[in-house]
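Source file: protein01.txt; contents: compact mmCIF, C-alpha atoms and all ligand atoms.
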```txt
# COMPACT_ATOMS: atom_id res chain seq x y z
CA MET A 1 97.77 119.20 121.85
CA THR A 2 96.64 120.53 125.20
CA SER A 3 93.20 119.86 126.58
CA THR A 4 90.86 122.74 127.32
CA PRO A 5 90.97 123.79 130.98
CA SER A 6 87.85 123.89 133.11
CA PRO A 7 85.93 127.20 133.20
CA ARG A 8 87.28 127.93 136.67
CA ALA A 9 90.90 127.14 135.73
CA LEU A 10 90.67 129.24 132.57
CA LEU A 11 89.12 132.13 134.50
CA GLU A 12 92.01 132.02 136.96
CA GLN A 13 94.49 132.12 134.09
CA LEU A 14 92.67 135.11 132.57
CA ILE A 15 92.61 137.03 135.85
CA ALA A 16 96.35 136.52 136.28
CA LEU A 17 96.91 138.43 133.03
CA ASP A 18 97.01 142.21 133.41
CA THR A 19 94.66 143.45 130.69
CA THR A 20 93.83 146.79 132.26
CA SER A 21 93.04 149.32 129.59
CA ASP A 22 96.56 150.77 129.26
CA SER A 23 98.14 147.33 128.91
CA GLY A 24 95.81 146.09 126.17
CA ASN A 25 93.92 142.82 125.82
CA LEU A 26 96.44 140.91 123.69
CA PRO A 27 97.73 138.57 126.43
CA ALA A 28 94.17 137.35 126.98
CA VAL A 29 93.54 136.98 123.24
CA GLU A 30 96.72 134.90 122.97
CA LEU A 31 95.54 132.67 125.81
CA LEU A 32 92.11 132.00 124.29
CA GLN A 33 93.04 131.78 120.60
CA PRO A 34 94.79 128.35 120.64
CA LEU A 35 92.10 126.85 122.87
CA LEU A 36 89.40 127.89 120.43
CA GLU A 37 91.44 126.69 117.46
CA GLU A 38 92.10 123.32 119.08
CA ALA A 39 88.38 122.97 119.74
CA GLY A 40 87.84 123.34 116.00
CA ALA A 41 86.51 126.87 115.69
CA GLN A 42 87.35 129.13 112.77
CA VAL A 43 89.34 131.74 114.66
CA HIS A 44 90.07 135.26 113.49
CA VAL A 45 92.45 137.53 115.40
CA LEU A 46 91.92 141.09 114.19
CA PRO A 47 94.65 143.39 115.52
CA ARG A 48 93.92 146.97 116.34
CA GLY A 49 97.30 147.97 114.96
CA ASP A 50 98.80 149.29 118.19
CA GLY A 51 100.57 146.04 119.06
CA LYS A 52 98.60 145.76 122.28
CA ASN A 53 95.01 144.97 121.31
CA ALA A 54 93.01 142.70 119.04
CA ASN A 55 89.48 141.51 118.56
CA LEU A 56 89.06 137.76 118.72
CA VAL A 57 86.29 136.03 116.76
CA ALA A 58 85.68 132.28 116.94
CA VAL A 59 83.05 130.84 114.63
CA PHE A 60 81.37 127.47 114.94
CA PRO A 61 79.32 127.35 111.72
CA ALA A 62 76.05 125.51 111.37
CA ASN A 63 76.89 121.94 110.35
CA ALA A 64 73.52 120.22 110.61
CA GLY A 65 71.34 121.47 107.82
CA ASP A 66 68.95 124.31 107.41
CA SER A 67 68.50 126.34 110.55
CA ALA A 68 64.97 127.54 109.92
CA ALA A 69 63.67 124.00 109.53
CA ALA A 70 65.53 122.57 112.51
CA PRO A 71 63.77 121.91 115.80
CA ALA A 72 65.05 123.57 118.94
CA HIS A 73 66.49 120.99 121.28
CA ASP A 74 64.68 120.76 124.62
CA LEU A 75 63.17 124.17 124.08
CA SER A 76 59.72 123.49 122.76
CA ALA A 77 58.54 126.89 123.92
CA ALA A 78 61.37 128.54 122.04
CA GLY A 79 60.52 127.22 118.60
CA PRO A 80 63.01 126.85 115.80
CA GLY A 81 63.38 130.59 115.38
CA LEU A 82 65.17 131.25 118.65
CA PHE A 83 68.30 132.44 116.87
CA THR A 84 66.76 133.44 113.55
CA ASP A 85 65.85 137.01 112.73
CA PRO A 86 62.13 136.93 111.78
CA GLU A 87 62.59 139.88 109.43
CA ASP A 88 65.91 138.86 107.92
CA PRO A 89 66.38 135.07 107.71
CA SER A 90 69.96 135.61 106.51
CA ARG A 91 70.69 136.59 110.10
CA ARG A 92 71.08 133.40 112.09
CA GLY A 93 72.88 132.13 115.09
CA VAL A 94 74.05 133.57 118.35
CA LEU A 95 76.92 135.88 119.28
CA LEU A 96 78.43 135.39 122.74
CA ALA A 97 80.19 138.71 123.18
CA GLY A 98 82.33 140.40 125.75
CA HIS A 99 85.45 142.45 126.35
CA LEU A 100 88.82 141.32 127.64
CA ASP A 101 90.06 144.66 129.00
CA CYS A 102 89.59 145.66 132.63
CA VAL A 103 89.64 148.91 134.54
CA PRO A 104 92.88 149.76 136.39
CA VAL A 105 93.52 149.01 140.05
CA THR A 106 95.43 152.25 140.61
CA GLY A 107 94.74 153.80 144.00
CA GLN A 108 92.49 150.95 145.11
CA GLU A 109 93.03 149.10 148.39
CA TRP A 110 92.68 145.40 147.72
CA THR A 111 92.65 142.79 150.49
CA THR A 112 94.50 140.38 148.20
CA ASP A 113 96.47 140.88 144.99
CA PRO A 114 93.98 141.76 142.21
CA PHE A 115 95.86 139.59 139.69
CA THR A 116 96.05 136.54 141.94
CA PRO A 117 92.60 134.94 141.88
CA THR A 118 91.60 134.16 145.46
CA GLU A 119 88.60 132.18 146.71
CA ARG A 120 86.93 133.26 149.96
CA ASP A 121 83.42 132.54 151.23
CA GLY A 122 82.03 131.19 147.99
CA ARG A 123 83.45 134.02 145.94
CA LEU A 124 86.37 134.38 143.57
CA TYR A 125 88.19 137.69 143.98
CA GLY A 126 90.30 139.39 141.32
CA ARG A 127 90.27 142.20 138.76
CA GLY A 128 87.91 141.25 135.95
CA THR A 129 86.07 138.47 137.80
CA ALA A 130 82.75 140.31 137.48
CA ASP A 131 83.59 142.69 134.62
CA MET A 132 83.87 140.47 132.65
CA LYS A 133 86.37 137.68 132.20
CA SER A 134 84.09 135.03 133.73
CA TYR A 135 81.67 134.97 130.80
CA LEU A 136 84.40 134.62 128.17
CA ALA A 137 86.30 132.05 130.24
CA ILE A 138 83.20 129.87 130.52
CA ALA A 139 82.27 130.28 126.84
CA THR A 140 85.81 129.35 125.76
CA ALA A 141 86.02 126.41 128.15
CA LEU A 142 82.79 125.06 126.61
CA ALA A 143 84.21 125.36 123.09
CA PRO A 144 84.78 121.60 122.74
CA GLU A 145 81.11 121.03 123.60
CA ILE A 146 80.01 123.64 121.04
CA ALA A 147 82.26 121.97 118.50
CA ALA A 148 80.85 118.52 119.29
CA ALA A 149 77.23 119.64 118.84
CA LYS A 150 75.32 119.06 115.60
CA ARG A 151 74.62 122.74 115.10
CA THR A 152 71.57 124.01 113.24
CA GLN A 153 72.72 127.59 113.85
CA PRO A 154 76.17 129.16 114.01
CA VAL A 155 77.66 130.02 117.39
CA VAL A 156 80.16 132.89 117.51
CA ILE A 157 82.34 133.84 120.46
CA ALA A 158 83.74 137.37 120.20
CA ALA A 159 86.07 139.22 122.56
CA THR A 160 86.85 142.91 122.12
CA TRP A 161 89.38 145.49 123.26
CA GLU A 162 88.96 148.76 125.12
CA GLU A 163 85.35 148.50 126.20
CA GLU A 164 86.14 150.29 129.44
CA THR A 165 87.40 153.43 127.72
CA THR A 166 86.00 153.87 124.21
CA CYS A 167 84.09 150.75 123.05
CA ASN A 168 86.00 151.14 119.79
CA GLY A 169 86.85 147.45 119.76
CA ALA A 170 83.15 146.60 119.43
CA ARG A 171 82.69 149.31 116.81
CA ASP A 172 85.46 147.67 114.77
CA LEU A 173 84.01 144.24 115.46
CA VAL A 174 80.65 144.87 113.79
CA GLY A 175 82.40 145.86 110.56
CA GLN A 176 84.73 142.88 110.82
CA LEU A 177 81.80 140.48 111.31
CA GLU A 178 80.08 141.89 108.21
CA GLU A 179 83.30 141.51 106.20
CA LEU A 180 83.63 137.91 107.34
CA GLY A 181 79.99 137.27 106.40
CA ILE A 182 79.08 136.53 110.03
CA ARG A 183 75.53 137.73 110.67
CA PRO A 184 74.21 136.50 114.03
CA ALA A 185 70.56 137.13 114.84
CA VAL A 186 70.99 137.40 118.60
CA ALA A 187 73.79 138.78 120.79
CA PHE A 188 74.19 137.77 124.43
CA VAL A 189 76.57 140.34 125.93
CA GLY A 190 77.98 138.89 129.15
CA GLU A 191 78.40 141.98 131.32
CA PRO A 192 77.56 141.34 134.97
CA THR A 193 73.79 141.33 135.48
CA SER A 194 73.57 138.48 138.04
CA MET A 195 72.29 136.39 135.12
CA ARG A 196 69.27 138.59 134.59
CA ALA A 197 68.33 139.37 130.99
CA VAL A 198 68.66 143.17 131.02
CA PRO A 199 66.89 144.42 127.90
CA ALA A 200 67.80 148.09 127.78
CA HIS A 201 70.18 150.79 128.90
CA LYS A 202 70.67 154.46 128.20
CA SER A 203 73.14 155.85 125.72
CA MET A 204 76.34 157.29 127.15
CA ASN A 205 77.84 160.29 125.42
CA VAL A 206 80.97 162.26 126.30
CA LEU A 207 82.02 165.58 124.78
CA HIS A 208 84.78 168.07 125.63
CA VAL A 209 84.89 171.79 124.90
CA ASP A 210 88.08 173.87 124.87
CA PHE A 211 87.97 177.64 125.24
CA ARG A 212 91.04 179.65 124.22
CA GLY A 213 91.31 183.26 125.36
CA ILE A 214 94.02 185.77 126.19
CA ALA A 215 95.96 185.85 129.45
CA ALA A 216 96.61 189.27 130.99
CA HIS A 217 97.26 190.70 134.42
CA SER A 218 93.77 190.99 135.87
CA SER A 219 94.31 194.69 136.52
CA LEU A 220 94.65 195.12 132.72
CA LEU A 221 91.32 193.46 132.02
CA PRO A 222 90.58 195.09 128.63
CA ARG A 223 93.73 193.49 127.13
CA GLY A 224 92.70 189.91 128.01
CA LEU A 225 89.85 187.56 127.19
CA ASN A 226 88.39 185.52 130.03
CA THR A 227 87.61 181.93 129.02
CA ILE A 228 85.86 180.97 132.26
CA ARG A 229 83.16 183.49 131.41
CA TYR A 230 82.45 181.77 128.09
CA ALA A 231 82.70 178.30 129.60
CA ALA A 232 80.18 179.39 132.22
CA GLU A 233 77.87 180.72 129.52
CA PHE A 234 78.07 177.39 127.73
CA THR A 235 77.52 175.45 130.97
CA GLU A 236 74.43 177.47 131.84
CA TRP A 237 73.04 176.98 128.33
CA PHE A 238 73.71 173.21 128.36
CA HIS A 239 72.01 172.68 131.70
CA THR A 240 69.05 174.94 130.94
CA GLU A 241 68.37 173.97 127.33
CA ILE A 242 69.43 170.34 127.17
CA ILE A 243 69.44 168.80 130.63
CA ASP A 244 66.46 170.65 132.12
CA GLY A 245 64.71 170.04 128.80
CA PHE A 246 65.13 166.28 129.21
CA ARG A 247 63.52 166.53 132.63
CA ALA A 248 60.65 168.76 131.50
CA ASP A 249 59.82 167.21 128.14
CA GLY A 250 60.89 163.56 128.46
CA PRO A 251 60.66 161.00 127.08
CA PHE A 252 60.13 159.09 130.31
CA ASP A 253 60.48 155.40 131.12
CA GLU A 254 59.84 154.38 134.69
CA ALA A 255 61.78 151.13 134.23
CA TYR A 256 65.00 153.15 134.70
CA PRO A 257 66.34 154.22 138.12
CA VAL A 258 66.02 157.77 136.75
CA ALA A 259 63.09 157.86 134.33
CA TRP A 260 64.40 160.58 132.02
CA SER A 261 67.66 161.39 130.22
CA THR A 262 70.31 163.00 132.38
CA GLY A 263 73.66 164.76 132.01
CA GLY A 264 75.85 167.60 133.07
CA VAL A 265 79.07 169.54 132.72
CA ASN A 266 80.94 167.35 135.18
CA ARG A 267 84.50 168.71 134.88
CA LEU A 268 85.68 172.24 134.38
CA ASP A 269 89.31 173.37 134.54
CA GLY A 270 90.22 176.98 133.92
CA GLY A 271 92.56 179.70 135.01
CA ILE A 272 95.89 179.68 136.82
CA ALA A 273 95.74 182.44 139.45
CA VAL A 274 93.24 184.87 140.88
CA ASN A 275 95.16 187.86 139.47
CA THR A 276 95.39 186.49 135.92
CA VAL A 277 92.72 186.57 133.22
CA PRO A 278 92.22 182.86 132.42
CA MET A 279 93.59 182.03 129.00
CA SER A 280 92.24 178.51 128.72
CA THR A 281 89.34 176.54 130.08
CA HIS A 282 88.54 172.92 129.40
CA LEU A 283 85.21 171.38 130.21
CA GLU A 284 83.87 167.85 130.00
CA LEU A 285 80.22 166.95 129.75
CA GLU A 286 78.23 163.79 129.44
CA PHE A 287 74.63 162.92 128.78
CA ARG A 288 72.88 159.58 129.17
CA ALA A 289 69.77 159.51 127.06
CA LEU A 290 66.95 157.00 126.88
CA PRO A 291 67.73 154.74 123.91
CA GLN A 292 64.82 156.09 121.85
CA VAL A 293 66.33 159.60 122.01
CA GLU A 294 68.35 160.34 118.90
CA VAL A 295 71.79 161.45 119.98
CA GLN A 296 73.06 163.18 116.85
CA PRO A 297 70.53 166.05 116.88
CA ILE A 298 71.58 166.82 120.46
CA VAL A 299 75.24 166.76 119.47
CA ASP A 300 74.35 169.09 116.57
CA ARG A 301 72.69 171.56 118.96
CA ILE A 302 75.75 171.50 121.21
CA ALA A 303 78.01 172.02 118.20
CA SER A 304 76.07 175.05 117.02
CA LYS A 305 76.13 176.58 120.51
CA VAL A 306 79.91 176.11 120.60
CA GLU A 307 80.14 177.75 117.16
CA GLU A 308 78.06 180.66 118.41
CA ILE A 309 80.37 181.13 121.40
CA ASP A 310 83.42 180.73 119.16
CA ALA A 311 82.18 183.61 117.01
CA ALA A 312 81.39 185.75 120.07
CA MET A 313 84.89 185.18 121.46
CA LYS A 314 86.55 186.09 118.17
CA ALA A 315 84.43 189.26 118.00
CA ALA A 316 85.55 190.15 121.54
CA VAL A 317 89.31 190.06 120.87
CA PRO A 318 90.68 193.44 122.06
CA GLU A 319 92.52 195.77 119.67
CA ASP A 320 95.69 195.74 121.78
CA PRO A 321 95.77 192.23 123.28
CA ALA A 322 98.29 191.41 125.98
CA ASP A 323 99.39 188.42 123.88
CA THR A 324 99.13 188.77 120.10
CA THR A 325 99.80 185.07 119.43
CA ALA A 326 97.02 184.02 121.78
CA ALA A 327 94.75 186.64 120.21
CA LYS A 328 95.02 184.88 116.83
CA ASN A 329 94.07 181.58 118.44
CA VAL A 330 90.97 182.73 120.32
CA GLY A 331 87.89 180.54 120.08
CA ALA A 332 85.94 177.51 121.28
CA THR A 333 86.26 173.96 119.94
CA LEU A 334 84.08 170.93 120.49
CA GLU A 335 85.50 167.43 120.66
CA VAL A 336 83.09 164.50 120.47
CA VAL A 337 84.92 161.95 122.61
CA SER A 338 82.49 159.06 122.42
CA LEU A 339 78.88 158.36 121.60
CA LEU A 340 77.77 154.99 122.86
CA TYR A 341 74.39 153.80 121.69
CA GLY A 342 71.72 152.87 124.18
CA LEU A 343 70.13 149.44 124.07
CA ASP A 344 66.45 149.62 123.23
CA GLY A 345 64.98 146.24 124.07
CA GLU A 346 62.05 145.11 126.18
CA ALA A 347 61.67 142.27 128.67
CA ASP A 348 59.45 140.54 126.08
CA GLY A 349 61.70 141.36 123.13
CA HIS A 350 63.38 138.68 121.03
CA ALA A 351 66.78 138.62 122.72
CA ALA A 352 65.48 138.92 126.28
CA ARG A 353 62.90 136.18 125.71
CA ALA A 354 65.56 133.92 124.21
CA ALA A 355 67.79 134.49 127.24
CA GLN A 356 64.90 133.79 129.62
CA LEU A 357 64.09 130.53 127.84
CA LEU A 358 67.73 129.50 128.28
CA GLY A 359 67.71 130.12 132.02
CA ALA A 360 68.34 133.80 132.58
CA ASP A 361 66.09 135.64 135.01
CA ARG A 362 63.50 137.98 133.61
CA SER A 363 64.25 141.65 134.29
CA GLU A 364 61.83 144.52 133.84
CA GLU A 365 64.55 146.80 135.13
CA LYS A 366 66.53 148.89 132.66
CA VAL A 367 69.96 150.12 133.67
CA THR A 368 72.02 153.28 133.44
CA TYR A 369 75.46 151.81 132.79
CA GLY A 370 76.59 151.51 129.20
CA THR A 371 77.66 148.36 127.37
CA GLU A 372 78.65 147.29 123.88
CA SER A 373 75.23 145.75 123.32
CA GLY A 374 73.75 148.91 121.76
CA ILE A 375 76.48 148.72 119.10
CA TYR A 376 75.40 145.18 118.25
CA GLU A 377 71.74 146.20 118.25
CA HIS A 378 72.47 149.04 115.81
CA ALA A 379 74.32 146.53 113.62
CA GLY A 380 71.08 144.55 113.24
CA MET A 381 71.19 141.96 116.01
CA ALA A 382 68.68 141.51 118.81
CA ALA A 383 70.88 142.11 121.85
CA VAL A 384 70.51 141.64 125.58
CA VAL A 385 72.91 141.98 128.49
CA VAL A 386 73.18 138.76 130.49
CA GLY A 387 76.20 137.66 132.47
CA PRO A 388 77.51 136.37 135.78
CA GLY A 389 78.35 138.62 138.71
CA ASP A 390 77.01 141.87 140.04
CA ILE A 391 77.67 145.24 138.40
CA GLY A 392 78.01 146.60 141.95
CA GLN A 393 81.26 144.60 142.21
CA ALA A 394 82.71 145.87 138.94
CA HIS A 395 85.50 148.46 138.86
CA GLY A 396 86.03 148.71 142.65
CA ALA A 397 88.54 147.17 145.03
CA ASP A 398 87.97 143.52 145.95
CA GLU A 399 85.98 142.81 142.80
CA PHE A 400 84.53 139.31 142.93
CA VAL A 401 82.17 136.88 141.27
CA ALA A 402 80.10 134.46 143.32
CA LEU A 403 80.89 130.84 142.45
CA GLU A 404 77.14 130.24 142.25
CA GLN A 405 77.03 132.81 139.41
CA LEU A 406 79.73 130.92 137.52
CA GLU A 407 77.62 127.77 137.73
CA ARG A 408 74.52 129.60 136.54
CA CYS A 409 76.41 131.03 133.58
CA GLU A 410 77.78 127.61 132.69
CA ASP A 411 74.24 126.17 132.76
CA PHE A 412 73.01 129.06 130.62
CA LEU A 413 75.70 128.59 127.98
CA ARG A 414 75.10 124.81 127.96
CA ASN A 415 71.45 125.63 127.23
CA VAL A 416 72.59 127.84 124.35
CA ILE A 417 74.46 124.85 122.96
CA GLY A 418 71.34 122.74 123.45
CA ALA A 419 69.23 125.31 121.64
CA VAL A 420 71.39 125.25 118.51
CA SER A 421 71.72 121.48 118.52
CA ALA A 422 69.72 119.27 116.21
ZN ZN B 1 82.33 145.49 131.26
```
Produce structure tokens that represent the structure in this file.
Ligand SMILES: [Zn+2]
Amino acid sequence: MTSTPSPRALLEQLIALDTTSDSGNLPAVELLQPLLEEAGAQVHVLPRGDGKNANLVAVFPANAGDSAAAPAHDLSAAGPGLFTDPEDPSRRGVLLAGHLDCVPVTGQEWTTDPFTPTERDGRLYGRGTADMKSYLAIATALAPEIAAAKRTQPVVIAATWEEETTCNGARDLVGQLEELGIRPAVAFVGEPTSMRAVPAHKSMNVLHVDFRGIAAHSSLLPRGLNTIRYAAEFTEWFHTEIIDGFRADGPFDEAYPVAWSTGGVNRLDGGIAVNTVPMSTHLELEFRALPQVEVQPIVDRIASKVEEIDAAMKAAVPEDPADTTAAKNVGATLEVVSLLYGLDGEADGHAARAAQLLGADRSEEKVTYGTESGIYEHAGMAAVVVGPGDIGQAHGADEFVALEQLERCEDFLRNVIGAVSA
């Protein structure tokens, strides 16, 4: 039996593992799993099925009687309902959630090796220090203390795969938690917020459209079908009808850096040469909507515009096309790449208040980066983003977390343990 390493030592072990999105998160899962098991948690490793990724769920069930009747330890202001859903008492306990994948280091100029944790000037440098191995390292290192507590509420640690690309790990996780009968009331998602309780962020939605036309020598224009023209028509429509509409009609929330929903066609590839009618054009668009904006109706509008253009393209196929195979394939197709829910909390909402009572800073500010927390909110939990490190450090070269932030997170998670303790 090995003893659990300190938070700092475990963080350094996690950073040394390459869990960038292509590599998968499994090495990190395999590091944490035995530590959580040895601490006494009920541990579930839920493989994605690709041999490279798994969700990790560690449950410390309530072991000290009825949660609703139990007092909150040292948190008189919190009351016994800190981790109980007032509308659904079957939801109880707290989920400490995060992801174990990291963004790649490709093309970045690091001062020191990104997978060799290095301390300089009160900071720990390395890929994933801020986003977001620190939170999960600290939570796991405190597992023996969670296990030793007389818990009136369950504590669940969950680590997901592929947050940085699709958030599909978290989407799987909410179904897996339901299947396991794990229904936390509150989720603390440990993305870097400098230990502020960030209550809300916009949704983040990515769609691609492919336009298939007919290549021809540009001097023989009537025998081709130009896809850039249709892609441009779509682009103009999207910006005028959807994006300008967000700006004109709202909704608006001044707590965001940009108070309305935004978006754009941000990539467009088409054509091969100036003397060739472009046969294919691919475009990529995103929109980030305020969390109260329903995403599906917007996706539906985009889909019907693509259908309209698809029909127009098919109607425009020439009678003697330069390429008969391409002529049969003409059209436009929409691919919904990912729709990531916004998080729709307030600074005085349940999860944010709970985090503040446990030592997180209050934040009126809402943010524009996406997290998994909206997925947990949609699954019925009160969710808030609260974690060590600065989002400004995430994803770039020389990513770091301040050691002071690690201490604050450790204090915060100790307060969580105190709050569930009888
Ligand atoms: Zn992250």
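One finds CA of Val299 in chain A at 19.7 Å from CA of Thr368 in chain A.
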TODO: Between A:Leu220, A:Ala354, A:Val416, A:Ala231, single out the one closest to Lys305 in chain A, counting all atoms listed in the file.
DONE: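 So, comparing all the options, the nearest one is A:Ala231.
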Task: Minimum-distance residue to Asp131 in chain A, chosen among A:Asp320, A:Glu377, A:Asp101, A:Glu38 (using all atoms listed in the file) - done: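 Nearest candidate to Asp131 in chain A out of A:Asp320, A:Glu377, A:Asp101, A:Glu38: A:Asp101.
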Task: Spatial neighbours of Ser421 in chain A, max dist 6 Å, all atoms listed in the file, sep filter under 4 positions, as a list in words - done: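 Near neighbours after the sequence-gap exclusion: His73, Ala149, Lys150, Arg151 and Thr152 of chain A.
Residue nearest Gly98 in chain A, chosen from A:Gly51, A:Gly122, A:Pro321, A:Gly169 and counting only C-alpha atoms: A:Gly169.
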- [ ] For Ala170 in chain A, work out the shell of residues within 8 Å, counting only C-alpha atoms and skipping chain neighbours fewer than 3 positions away, then give it as a ChimeraX atom specification.
- [x] /A:160-161,163,167,173-174,372,375-376
Open item on the list: Given only C-alpha atoms as the basis, pick out the residue of A:Gly93, A:Pro27, A:Cys102, A:Glu236 nearest to Ile417 in chain A.
Closed with: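 Nearest candidate to Ile417 in chain A out of A:Gly93, A:Pro27, A:Cys102, A:Glu236: A:Gly93.
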Task: Interatomic distance, CA of Asp253 in chain A to CA of Val265 in chain A (Å, one decimal) - done: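 Between CA of Asp253 in chain A and CA of Val265 in chain A the gap works out to 23.4 Å.
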Task: Expected selection as JSON, numbers by chain for ligand ZN 1 (chain B) within 7 Å, all atoms listed in the file - done: {"A": [99, 131, 132, 163, 164, 191, 371]}
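Excluding Ala97 in chain A and any residue on its chain fewer than 4 positions from it, the residues at most 8 Å away by all atoms listed in the file are Leu136, Ile157, Ala158, Ala159, Thr160, Ala187, Phe188, Val189 and Gly190 of chain A.
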File of the preceding selection, C-alpha atoms, as a PDB file, keeping the file's coordinate frame:
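Writing the result to selection_38.pdb gives the following:
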```
ATOM      1  CA  LEU A 136      84.400 134.620 128.170  1.00  0.00           C
ATOM      2  CA  ILE A 157      82.340 133.840 120.460  1.00  0.00           C
ATOM      3  CA  ALA A 158      83.740 137.370 120.200  1.00  0.00           C
ATOM      4  CA  ALA A 159      86.070 139.220 122.560  1.00  0.00           C
ATOM      5  CA  THR A 160      86.850 142.910 122.120  1.00  0.00           C
ATOM      6  CA  ALA A 187      73.790 138.780 120.790  1.00  0.00           C
ATOM      7  CA  PHE A 188      74.190 137.770 124.430  1.00  0.00           C
ATOM      8  CA  VAL A 189      76.570 140.340 125.930  1.00  0.00           C
ATOM      9  CA  GLY A 190      77.980 138.890 129.150  1.00  0.00           C
TER      10      GLY A 190
END
```
Task: Selection: 12 Å around Gly49 in chain A, all atoms listed in the file, excl. self and same-chain fewer than 5 positions, as a PyMOL selection string - done: chain A and resi 24+26+54-55+161+169+172
